[in-house]
Every structure is written in C-alpha cells, then in structure tokens.
Amino acid sequence: DLNHSFIVRHGEMLPVNFQKLLRGGDTSQNIYVQPDDFIYLPSSLTSQIFVLGAVNAPRPVGFVDDMTLTTAIAKALGAAPEACLSQVAIVRGSLSEPSIAIVDFKSIVTGRAPDVRLEPRDIVYVPQSPYRTLERYAKLITDTFVGTVAANAGGRAVDPNYG
C-alpha cells in the first residue's frame with residue numbers, strides 16, 4: 001500500500017510519496033536512507049481503519065463492508081469523556097497528500113445527522129479539544145498515526161506479544 005507507506009527519521013515523518021516514486025518514477029521523491037530510519041510499507045491486502053485520539057482504546061480495527069464511523073468508534077471502546085465530538089476527523093487518501101473531512105459525531109449519535117460510511121485504511125481521529133486551522137489539524141493527525149504505527153511496530157520487533 002504505497003499511499004500509506006512512510007519513513008520516520010528522528011521521530012518525524014519524511015515527505016516521501018512512495019506512489020510517485022515507485023509507480024510514477026519521480027526521482028525527486030528518492031532519498032538516502034540513514035541508520036535508524038523506520039520504513040513502514042503496509043500490505044495492501046489488509047483492510048483496517050485506524051481509530052486514534054480521545055477514544056478509550058486507540059487501535060486499528062478490521063474493516064467490514066458498510067462500516068460506519070459509529071461502528072469504528074465503538075470498536076475502539078467508545079469516545080473518552082473529554083472528547084470533542086463535534087470535530088471528529090476522517091483522513092482518507094495518501095499520507096503525503098491526505099484529504100480530511102470534519103464530522104459532527106455528536107449530531108450522529110443524537111440522530112440529527114446520518115452516520116458516515118468509512119473506507120479501508122481511513123484514519124478516524126477524535127480530538128480532545130476543538131481545532132481552528134485544518135492544516136495543523138491534519139498534521140497532528142498524520143503525526144499521531146505515524147508515531148503510533150512506528151511505536152507499535154518497534155514494540156512487536158522486540159517482543160512478538162507486544163500490544
């Protein structure tokens with residue numbers, strides 16, 4: 001899954017678009033790998049939704065047909081009490097050029113708005129407080145996702161029973 005692949009160096013995601021590099025031949029995306037770089041290349045055969053932020057159990061959840069935002073948050077054991085449910089974000093597309101939708105989850109659970117269907121590899125982010133600028137919000141979400149995936153993969157490399 002080249003759209004969700006990334007490299008982390010010193011805790012920061014590098015701006016590499018693997019889709020452009022490997023499928024499009026864009027050599028401007030080619031970088032030198034350094035010792036201790038973390039390269040994440042997920043399988044395109046697995047279908048997961050990543051639920052992060054102010055939920056009781058942040059985690060990847062298996063995607064099923066007709067999966068909705070409500071189902072994904074429920075599989076993460078619900079929103080935490082301090083969650084800002086009026087600005088739940090759904091990130092879709094590549095990590096280098098994500099599209100983000102802000103959803104009023106509070107309106108969904110109170111029946112004032114329809115539930116939102118998710119797609120495989122979406123990232124659902126429930127914030128603890130409202131955000132004013134979409135650009136910083138998107139960076140926070142992708143940084144959280146990258147850090148979580150890198151930490152979990154590192155933990156599993158050391159201990160197969162991790163997590």
# chains A, B, ... in the order shown; residues from 1 in each chain; ligands from 1
>>> select_by_dssp(residues="region 34-105 of chain A", states="alpha helix (DSSP H)", output="PDB file with N, CA and C atoms, in the first residue's frame")
ATOM      1  N   LEU A  69     -18.741   5.286  10.862  1.00  0.00           N
ATOM      2  CA  LEU A  69     -17.978   5.985  11.890  1.00  0.00           C
ATOM      3  C   LEU A  69     -18.390   5.512  13.283  1.00  0.00           C
ATOM      4  N   THR A  70     -19.682   5.336  13.504  1.00  0.00           N
ATOM      5  CA  THR A  70     -20.176   4.874  14.799  1.00  0.00           C
ATOM      6  C   THR A  70     -19.603   3.501  15.146  1.00  0.00           C
ATOM      7  N   THR A  71     -19.587   2.603  14.180  1.00  0.00           N
ATOM      8  CA  THR A  71     -19.051   1.257  14.403  1.00  0.00           C
ATOM      9  C   THR A  71     -17.569   1.312  14.729  1.00  0.00           C
ATOM     10  N   ALA A  72     -16.807   2.112  13.993  1.00  0.00           N
ATOM     11  CA  ALA A  72     -15.363   2.197  14.218  1.00  0.00           C
ATOM     12  C   ALA A  72     -15.054   2.735  15.614  1.00  0.00           C
ATOM     13  N   ILE A  73     -15.753   3.791  16.028  1.00  0.00           N
ATOM     14  CA  ILE A  73     -15.515   4.348  17.364  1.00  0.00           C
ATOM     15  C   ILE A  73     -15.956   3.359  18.439  1.00  0.00           C
ATOM     16  N   ALA A  74     -17.024   2.639  18.201  1.00  0.00           N
ATOM     17  CA  ALA A  74     -17.467   1.609  19.161  1.00  0.00           C
ATOM     18  C   ALA A  74     -16.423   0.506  19.296  1.00  0.00           C
ATOM     19  N   LYS A  75     -15.773   0.129  18.195  1.00  0.00           N
ATOM     20  CA  LYS A  75     -14.738  -0.906  18.251  1.00  0.00           C
ATOM     21  C   LYS A  75     -13.487  -0.432  18.989  1.00  0.00           C
ATOM     22  N   PHE A 105     -19.781  14.252  15.081  1.00  0.00           N
ATOM     23  CA  PHE A 105     -20.183  12.934  15.575  1.00  0.00           C
ATOM     24  C   PHE A 105     -21.288  13.051  16.621  1.00  0.00           C
TER      25      PHE A 105
END
>>> residues_around(residues="region 4-9 of chain A", least_positions_apart="5", cutoff="10 Å", atoms="only C-alpha atoms", output="VMD selection string")
chain A and resid 14 to 19 33 to 44 92 to 96 98 121 to 122 143 146 to 147 150
>>> write_last_selection(atoms="C-alpha atoms", output="tab-separated table (two decimals), in the first residue's frame")
chain	number	residue	atom	x	y	z
A	14	LEU	CA	9.76	12.48	5.91
A	15	PRO	CA	7.91	13.96	2.91
A	16	VAL	CA	8.30	10.97	0.60
A	17	ASN	CA	5.48	9.97	-1.75
A	18	PHE	CA	6.11	6.28	-2.45
A	19	GLN	CA	3.36	6.16	-5.08
A	33	VAL	CA	18.06	6.15	3.94
A	34	GLN	CA	20.03	6.71	7.13
A	35	PRO	CA	20.76	4.40	10.07
A	36	ASP	CA	17.78	4.13	12.46
A	37	ASP	CA	15.27	5.32	9.83
A	38	PHE	CA	11.96	3.50	10.19
A	39	ILE	CA	10.37	2.49	6.88
A	40	TYR	CA	6.73	1.38	7.00
A	41	LEU	CA	5.31	-0.42	3.99
A	42	PRO	CA	1.87	-1.82	4.90
A	43	SER	CA	0.27	-4.62	2.95
A	44	SER	CA	-2.44	-3.62	0.52
A	92	ARG	CA	-8.53	9.47	3.57
A	93	GLY	CA	-6.01	9.08	0.80
A	94	SER	CA	-2.24	9.12	0.90
A	95	LEU	CA	-0.34	10.33	3.95
A	96	SER	CA	1.66	12.74	1.81
A	98	PRO	CA	-4.38	13.43	2.69
A	121	ARG	CA	-7.35	2.47	5.54
A	122	ASP	CA	-9.27	5.55	6.71
A	143	ASP	CA	1.95	12.71	13.10
A	146	VAL	CA	2.90	7.73	12.12
A	147	GLY	CA	4.11	7.77	15.73
A	150	ALA	CA	6.14	3.20	14.39
>>> residues_around(residues="region 79-83 of chain A", least_positions_apart="3", cutoff="10 Å", atoms="only C-alpha atoms", output="number ranges by chain")
A: 52-58, 73-74, 76, 86-88, 126-130
>>> residues_around(residues="Ala113 (chain A)", least_positions_apart="5", cutoff="10 Å", atoms="only C-alpha atoms", output="list in words")
Val103, Asp104, Phe105, Lys106, Ser107 and Ile108 of chain A
>>> atom_distance(atom1="CA of Phe50 (chain A)", atom2="CA of Phe63 (chain A)")
9.6 Å
>>> closest_residue(among="A:Arg112, A:Arg59, A:His10, A:Arg117", to="Thr148 (chain A)", atoms="only C-alpha atoms")
A:Arg59
>>> closest_residue(among="A:Gly62, A:Tyr32, A:Gly24, A:Met13", to="Glu119 (chain A)", atoms="only C-alpha atoms")
A:Gly62
>>> closest_residue(among="A:Ile123, A:Leu85, A:Val116, A:Ala151", to="Ser99 (chain A)", atoms="only C-alpha atoms")
A:Ile123
>>> atom_distance(atom1="CA of Gln29 (chain A)", atom2="CA of Thr46 (chain A)")
25.5 Å
